[in-house]
Number of protein chains: 2
Amino acid sequence: MSSSTGPSPQAADLLARAVDIATANAGESGGPFGAVVVTRDGQVFEGVNRVTADLDPSAHAEVVAIRRACQGLGTFDLSGATLYASCEPCPMCLSTALWARIDRVYFAADRDDAAAAGFDDARFYRYFDGMPEDRAILPVERIGLPDDGHTAPFVAWGRNDRRIEY
Amino acid sequence: MSSSTGPSPQAADLLARAVDIATANAGESGGPFGAVVVTRDGQVFEGVNRVTADLDPSAHAEVVAIRRACQGLGTFDLSGATLYASCEPCPMCLSTALWARIDRVYFAADRDDAAAAGFDDARFYRYFDGMPEDRAILPVERIGLPDDGHTAPFVAWGRNDRRIEY
């Protein structure tokens, strides 16, 4: 699965698989989203939306597939992997892919398709764009702590010789 | 925990608690981050970074605390809750808070403090700002499917009378 020359011949098939499991999930108990992760060595891991089934707002299809791939490979680093998503990953899923060091993302439907179906993906992208009326849904504020207390975790981290960077 | 009049008198204490558990976690096996969720009815749920311990790139402190709060309350909707984070939530954590319908976020250290300690939070915020050199780390591309196949999951969703919206 090359990550430097655009979609491979198999990419459309893998994306179609993500859409198929999304469609199946939508007719059962979950949201209409599916994802497939193909790791550097060609292993395939799938995920569907489990938010309402698992009572977990983070259980989007992409996050579920990424978690499964990490468990399957025994690592938190999916460098070299490609993510196929039935719908454009929301900011949460895209950020999870960034932290997982995934190389490339392909998607089928986009944030506007999701919005038309009643989902907030496009709205949350606008939140990151910083539109004031969108930021109002979740105000984020810094509070100062006495004596530079906010840096204590990073100081402890720097002193921990057994720390595992990620 | 008012969400309309700024930090409550207890806010600094709750934030200090998030910093304390972050510091403890940094000296053990996890990343130097901690979070506290206070639900609408005053229940308190805590989380620390578990990325390397659980081999889960999504297991940031805030996400862990949100998952625990949802499990504790038996819901995927934390409307009325406040999130206290030892460090400014990264885009993944902020998006998870959005999907969880959290009302307000307070934090201590910020993305630049995290960057100084070697973490990519600030870089990933730049990714969302769309700087070309930052977007290059994770290209995202739409692939068209035949016969409008990309909308099949949403069609199935619309037809599912038992669907649970989130």
# chains A, B, ... in the order shown; residues from 1 in each chain; ligands from 1
$ residues_around --residues "Ser86 (chain B)" --least-positions-apart "5" --cutoff "6 Å" --atoms "only C-alpha atoms" --output "number ranges by chain"
B: 18-19, 33-34, 107-108
$ interface_residues --of "chain A" --to "chain B" --cutoff "7 Å" --atoms "only C-alpha atoms" --output "CSV table (one decimal) with N, CA and C atoms, in the first residue's frame"
chain,number,residue,atom,x,y,z
A,19,VAL,N,-17.4,1.1,3.5
A,19,VAL,CA,-18.8,1.6,3.3
A,19,VAL,C,-19.8,0.4,3.5
A,22,ALA,N,-20.2,0.0,7.2
A,22,ALA,CA,-21.0,1.1,7.7
A,22,ALA,C,-22.4,0.9,7.5
A,23,THR,N,-22.8,0.5,6.3
A,23,THR,CA,-24.2,0.3,5.9
A,23,THR,C,-24.8,-0.8,6.8
A,26,ALA,N,-25.4,0.6,10.2
A,26,ALA,CA,-26.5,1.5,10.3
A,26,ALA,C,-27.9,0.8,10.4
A,27,GLY,N,-27.9,-0.4,9.9
A,27,GLY,CA,-29.2,-1.1,9.9
A,27,GLY,C,-29.3,-1.9,11.2
A,29,SER,N,-27.4,-1.5,15.3
A,29,SER,CA,-27.6,-0.6,16.5
A,29,SER,C,-26.6,0.5,16.5
A,32,PRO,N,-23.9,5.1,11.2
A,32,PRO,CA,-23.6,4.7,9.8
A,32,PRO,C,-22.2,5.0,9.4
A,33,PHE,N,-21.2,4.4,10.1
A,33,PHE,CA,-19.8,4.7,9.8
A,33,PHE,C,-19.0,3.4,9.9
A,51,VAL,N,-20.7,4.1,19.4
A,51,VAL,CA,-20.9,5.2,20.4
A,51,VAL,C,-22.1,4.8,21.3
A,52,THR,N,-23.3,4.5,20.7
A,52,THR,CA,-24.4,4.2,21.5
A,52,THR,C,-24.4,2.8,22.0
A,55,LEU,N,-21.7,3.1,24.9
A,55,LEU,CA,-21.8,4.3,25.7
A,55,LEU,C,-20.4,4.9,25.7
A,56,ASP,N,-19.8,5.1,24.6
A,56,ASP,CA,-18.5,5.7,24.5
A,56,ASP,C,-18.4,6.7,23.3
A,57,PRO,N,-18.5,8.0,23.7
A,57,PRO,CA,-18.5,9.0,22.6
A,57,PRO,C,-17.2,8.9,21.7
A,58,SER,N,-16.2,8.3,22.2
A,58,SER,CA,-15.0,8.2,21.4
A,58,SER,C,-15.0,7.0,20.4
A,67,ARG,N,-7.7,1.3,17.3
A,67,ARG,CA,-7.5,0.6,18.6
A,67,ARG,C,-7.2,-0.9,18.3
A,70,CYS,N,-3.8,-1.5,16.8
A,70,CYS,CA,-2.8,-1.3,17.8
A,70,CYS,C,-2.7,-2.6,18.7
A,71,GLN,N,-3.9,-3.1,19.1
A,71,GLN,CA,-3.9,-4.3,19.9
A,71,GLN,C,-3.4,-5.5,19.1
A,74,GLY,N,0.3,-5.0,18.7
A,74,GLY,CA,1.1,-4.8,20.0
A,74,GLY,C,1.9,-3.5,20.0
A,75,THR,N,1.3,-2.4,19.5
A,75,THR,CA,2.0,-1.2,19.5
A,75,THR,C,1.1,0.0,19.5
A,76,PHE,N,1.5,1.2,19.9
A,76,PHE,CA,0.7,2.4,19.8
A,76,PHE,C,1.1,3.2,18.6
A,86,SER,N,-15.5,5.3,5.7
A,86,SER,CA,-16.7,5.4,4.9
A,86,SER,C,-17.1,6.9,4.7
A,91,PRO,N,-12.9,15.6,13.3
A,91,PRO,CA,-11.6,16.1,13.9
A,91,PRO,C,-11.1,15.1,15.0
A,92,MET,N,-12.0,14.4,15.7
A,92,MET,CA,-11.5,13.5,16.7
A,92,MET,C,-10.8,12.3,16.0
A,95,SER,N,-7.5,13.4,14.4
A,95,SER,CA,-6.4,13.6,15.4
A,95,SER,C,-5.9,12.2,16.0
A,96,THR,N,-6.8,11.3,16.1
A,96,THR,CA,-6.4,10.0,16.6
A,96,THR,C,-5.5,9.3,15.6
A,98,LEU,N,-3.5,11.0,13.6
A,98,LEU,CA,-2.3,11.7,13.8
A,98,LEU,C,-1.5,11.1,14.9
A,99,TRP,N,-2.1,10.9,16.0
A,99,TRP,CA,-1.4,10.4,17.2
A,99,TRP,C,-0.9,9.0,16.9
A,100,ALA,N,-1.7,8.2,16.1
A,100,ALA,CA,-1.3,6.8,15.8
A,100,ALA,C,-0.2,6.8,14.7
A,103,ASP,N,-0.2,6.9,8.0
A,103,ASP,CA,0.5,7.7,6.9
A,103,ASP,C,-0.5,8.4,6.0
A,104,ARG,N,-1.7,7.8,5.8
A,104,ARG,CA,-2.6,8.4,4.8
A,104,ARG,C,-4.0,8.0,5.1
A,105,VAL,N,-4.9,8.8,4.7
A,105,VAL,CA,-6.4,8.6,4.9
A,105,VAL,C,-7.1,8.7,3.5
A,106,TYR,N,-8.0,7.8,3.3
A,106,TYR,CA,-8.9,7.9,2.1
A,106,TYR,C,-10.3,7.8,2.7
A,107,PHE,N,-11.2,8.6,2.1
A,107,PHE,CA,-12.6,8.5,2.6
A,107,PHE,C,-13.6,8.6,1.4
A,108,ALA,N,-14.9,8.2,1.6
A,108,ALA,CA,-15.9,8.2,0.6
A,108,ALA,C,-16.8,9.4,0.7
A,109,ALA,N,-17.8,9.3,1.6
A,109,ALA,CA,-18.7,10.5,1.9
A,109,ALA,C,-17.9,11.6,2.6
A,117,ALA,N,-27.2,14.0,7.1
A,117,ALA,CA,-27.7,12.9,7.8
A,117,ALA,C,-27.9,13.2,9.3
A,128,PHE,N,-13.0,24.2,15.1
A,128,PHE,CA,-11.6,24.3,15.0
A,128,PHE,C,-11.2,25.5,14.2
A,138,LEU,N,-18.5,25.1,23.3
A,138,LEU,CA,-17.6,24.6,24.3
A,138,LEU,C,-16.5,25.5,24.6
A,139,PRO,N,-16.8,26.4,25.6
A,139,PRO,CA,-15.7,27.4,26.0
A,139,PRO,C,-14.6,26.7,26.6
A,140,VAL,N,-13.4,27.1,26.3
A,140,VAL,CA,-12.1,26.5,26.8
A,140,VAL,C,-11.3,27.7,27.4
A,141,GLU,N,-10.9,27.5,28.7
A,141,GLU,CA,-10.3,28.6,29.4
A,141,GLU,C,-9.1,28.1,30.2
A,142,ARG,N,-8.0,28.9,30.2
A,142,ARG,CA,-6.9,28.6,31.0
A,142,ARG,C,-7.1,29.2,32.4
A,143,ILE,N,-6.7,28.4,33.4
A,143,ILE,CA,-6.7,28.9,34.8
A,143,ILE,C,-5.2,28.8,35.3
A,144,GLY,N,-4.7,29.9,35.8
A,144,GLY,CA,-3.3,29.9,36.3
A,144,GLY,C,-3.3,29.2,37.7
A,145,LEU,N,-2.3,28.4,37.9
A,145,LEU,CA,-2.1,27.8,39.2
A,145,LEU,C,-0.9,28.4,39.9
A,150,HIS,N,1.5,24.3,37.0
A,150,HIS,CA,1.1,23.7,35.8
A,150,HIS,C,2.2,22.9,35.1
A,151,THR,N,3.5,23.2,35.4
A,151,THR,CA,4.5,22.5,34.8
A,151,THR,C,5.0,21.3,35.5
A,152,ALA,N,4.5,21.0,36.7
A,152,ALA,CA,4.9,19.9,37.5
A,152,ALA,C,4.9,18.5,36.8
A,153,PRO,N,3.8,18.3,36.0
A,153,PRO,CA,3.8,17.0,35.3
A,153,PRO,C,5.0,16.8,34.3
A,154,PHE,N,5.3,17.9,33.6
A,154,PHE,CA,6.3,17.8,32.6
A,154,PHE,C,7.7,17.7,33.3
A,156,ALA,N,8.2,16.1,36.2
A,156,ALA,CA,8.3,14.7,36.6
A,156,ALA,C,8.5,13.8,35.4
A,157,TRP,N,7.9,14.1,34.3
A,157,TRP,CA,8.2,13.3,33.0
A,157,TRP,C,9.6,13.4,32.6
A,160,ASN,N,11.8,11.1,34.7
A,160,ASN,CA,11.5,9.6,34.7
A,160,ASN,C,12.3,8.9,33.7
A,163,ARG,N,10.6,6.6,31.1
A,163,ARG,CA,9.5,7.1,30.3
A,163,ARG,C,9.5,6.5,28.9
A,164,ILE,N,8.3,6.2,28.4
A,164,ILE,CA,8.2,5.7,27.0
A,164,ILE,C,7.6,6.8,26.2
$ atom_distance --atom1 "CA of Gly80 (chain B)" --atom2 "CA of Gln43 (chain B)"
11.4 Å
$ select_by_dssp --residues "chain B" --states "strand (DSSP E or B)" --output "list in words"
Gly34, Ala35, Val36, Val37, Val38, Val44, Phe45, Glu46, Gly47, Val48, Thr82, Leu83, Tyr84, Ala85, Ser86, Cys87, Arg104, Val105, Tyr106, Phe107, Ala108, Ala109, Val140, Glu141 and Arg142 of chain B
$ write_last_selection --atoms "N, CA and C atoms" --output "PDB file, in the first residue's frame"
ATOM      1  N   GLY B  34      -3.297  14.500  33.113  1.00  0.00           N
ATOM      2  CA  GLY B  34      -4.400  14.042  33.938  1.00  0.00           C
ATOM      3  C   GLY B  34      -5.641  14.875  33.667  1.00  0.00           C
ATOM      4  N   ALA B  35      -6.793  14.300  33.933  1.00  0.00           N
ATOM      5  CA  ALA B  35      -8.046  15.011  33.684  1.00  0.00           C
ATOM      6  C   ALA B  35      -9.105  14.592  34.691  1.00  0.00           C
ATOM      7  N   VAL B  36     -10.018  15.513  34.959  1.00  0.00           N
ATOM      8  CA  VAL B  36     -11.133  15.269  35.867  1.00  0.00           C
ATOM      9  C   VAL B  36     -12.405  15.729  35.172  1.00  0.00           C
ATOM     10  N   VAL B  37     -13.416  14.876  35.157  1.00  0.00           N
ATOM     11  CA  VAL B  37     -14.736  15.255  34.662  1.00  0.00           C
ATOM     12  C   VAL B  37     -15.680  15.355  35.849  1.00  0.00           C
ATOM     13  N   VAL B  38     -16.364  16.505  35.953  1.00  0.00           N
ATOM     14  CA  VAL B  38     -17.415  16.658  36.964  1.00  0.00           C
ATOM     15  C   VAL B  38     -18.746  16.709  36.223  1.00  0.00           C
ATOM     16  N   VAL B  44     -17.619  12.829  40.187  1.00  0.00           N
ATOM     17  CA  VAL B  44     -16.268  13.126  39.729  1.00  0.00           C
ATOM     18  C   VAL B  44     -15.629  11.856  39.162  1.00  0.00           C
ATOM     19  N   PHE B  45     -15.097  11.992  37.951  1.00  0.00           N
ATOM     20  CA  PHE B  45     -14.408  10.884  37.286  1.00  0.00           C
ATOM     21  C   PHE B  45     -13.035  11.357  36.830  1.00  0.00           C
ATOM     22  N   GLU B  46     -12.024  10.520  37.067  1.00  0.00           N
ATOM     23  CA  GLU B  46     -10.656  10.913  36.745  1.00  0.00           C
ATOM     24  C   GLU B  46     -10.057  10.034  35.658  1.00  0.00           C
ATOM     25  N   GLY B  47      -9.062  10.565  34.971  1.00  0.00           N
ATOM     26  CA  GLY B  47      -8.337   9.777  33.980  1.00  0.00           C
ATOM     27  C   GLY B  47      -6.911  10.268  33.861  1.00  0.00           C
ATOM     28  N   VAL B  48      -6.013   9.350  33.578  1.00  0.00           N
ATOM     29  CA  VAL B  48      -4.623   9.714  33.266  1.00  0.00           C
ATOM     30  C   VAL B  48      -4.256   9.098  31.920  1.00  0.00           C
ATOM     31  N   THR B  82     -18.286  19.417  33.250  1.00  0.00           N
ATOM     32  CA  THR B  82     -17.113  20.256  33.062  1.00  0.00           C
ATOM     33  C   THR B  82     -15.882  19.371  33.066  1.00  0.00           C
ATOM     34  N   LEU B  83     -14.948  19.679  32.157  1.00  0.00           N
ATOM     35  CA  LEU B  83     -13.695  18.929  32.043  1.00  0.00           C
ATOM     36  C   LEU B  83     -12.541  19.799  32.536  1.00  0.00           C
ATOM     37  N   TYR B  84     -11.768  19.256  33.463  1.00  0.00           N
ATOM     38  CA  TYR B  84     -10.565  19.918  33.964  1.00  0.00           C
ATOM     39  C   TYR B  84      -9.362  19.107  33.478  1.00  0.00           C
ATOM     40  N   ALA B  85      -8.438  19.752  32.780  1.00  0.00           N
ATOM     41  CA  ALA B  85      -7.320  19.035  32.178  1.00  0.00           C
ATOM     42  C   ALA B  85      -6.007  19.668  32.608  1.00  0.00           C
ATOM     43  N   SER B  86      -5.044  18.816  32.964  1.00  0.00           N
ATOM     44  CA  SER B  86      -3.752  19.342  33.417  1.00  0.00           C
ATOM     45  C   SER B  86      -3.071  20.135  32.322  1.00  0.00           C
ATOM     46  N   CYS B  87      -3.398  19.810  31.065  1.00  0.00           N
ATOM     47  CA  CYS B  87      -2.833  20.523  29.924  1.00  0.00           C
ATOM     48  C   CYS B  87      -3.948  20.764  28.908  1.00  0.00           C
ATOM     49  N   ARG B 104     -17.980  22.738  29.260  1.00  0.00           N
ATOM     50  CA  ARG B 104     -16.912  23.718  29.490  1.00  0.00           C
ATOM     51  C   ARG B 104     -15.624  22.989  29.817  1.00  0.00           C
ATOM     52  N   VAL B 105     -14.515  23.597  29.417  1.00  0.00           N
ATOM     53  CA  VAL B 105     -13.190  23.020  29.661  1.00  0.00           C
ATOM     54  C   VAL B 105     -12.305  24.047  30.353  1.00  0.00           C
ATOM     55  N   TYR B 106     -11.618  23.606  31.398  1.00  0.00           N
ATOM     56  CA  TYR B 106     -10.568  24.409  32.022  1.00  0.00           C
ATOM     57  C   TYR B 106      -9.251  23.641  31.947  1.00  0.00           C
ATOM     58  N   PHE B 107      -8.163  24.356  31.720  1.00  0.00           N
ATOM     59  CA  PHE B 107      -6.869  23.676  31.662  1.00  0.00           C
ATOM     60  C   PHE B 107      -5.801  24.510  32.349  1.00  0.00           C
ATOM     61  N   ALA B 108      -4.645  23.861  32.639  1.00  0.00           N
ATOM     62  CA  ALA B 108      -3.542  24.522  33.352  1.00  0.00           C
ATOM     63  C   ALA B 108      -2.405  24.842  32.379  1.00  0.00           C
ATOM     64  N   ALA B 109      -1.575  23.863  32.035  1.00  0.00           N
ATOM     65  CA  ALA B 109      -0.522  24.090  31.041  1.00  0.00           C
ATOM     66  C   ALA B 109      -1.162  24.213  29.655  1.00  0.00           C
ATOM     67  N   VAL B 140      -5.033  13.508   3.314  1.00  0.00           N
ATOM     68  CA  VAL B 140      -6.410  13.001   3.382  1.00  0.00           C
ATOM     69  C   VAL B 140      -7.061  13.243   2.031  1.00  0.00           C
ATOM     70  N   GLU B 141      -7.576  12.182   1.431  1.00  0.00           N
ATOM     71  CA  GLU B 141      -8.061  12.289   0.055  1.00  0.00           C
ATOM     72  C   GLU B 141      -9.395  11.575  -0.098  1.00  0.00           C
ATOM     73  N   ARG B 142     -10.302  12.201  -0.849  1.00  0.00           N
ATOM     74  CA  ARG B 142     -11.584  11.565  -1.149  1.00  0.00           C
ATOM     75  C   ARG B 142     -11.461  10.717  -2.410  1.00  0.00           C
TER      76      ARG B 142
END
$ select_by_dssp --residues "chain A" --states "helix (DSSP H, G or I)" --output "JSON, numbers by chain"
{"A": [11, 12, 13, 14, 15, 16, 17, 18, 19, 20, 21, 22, 23, 24, 25, 26, 51, 52, 53, 54, 61, 62, 63, 64, 65, 66, 67, 68, 69, 70, 71, 72, 73, 91, 92, 93, 94, 95, 96, 97, 98, 99, 111, 112, 113, 114, 115, 116, 121, 122, 123, 124, 125, 126, 127, 128, 129, 132, 133, 134, 135, 146, 147, 148, 149, 150, 151, 152, 153, 154, 155, 156, 157, 158, 159]}
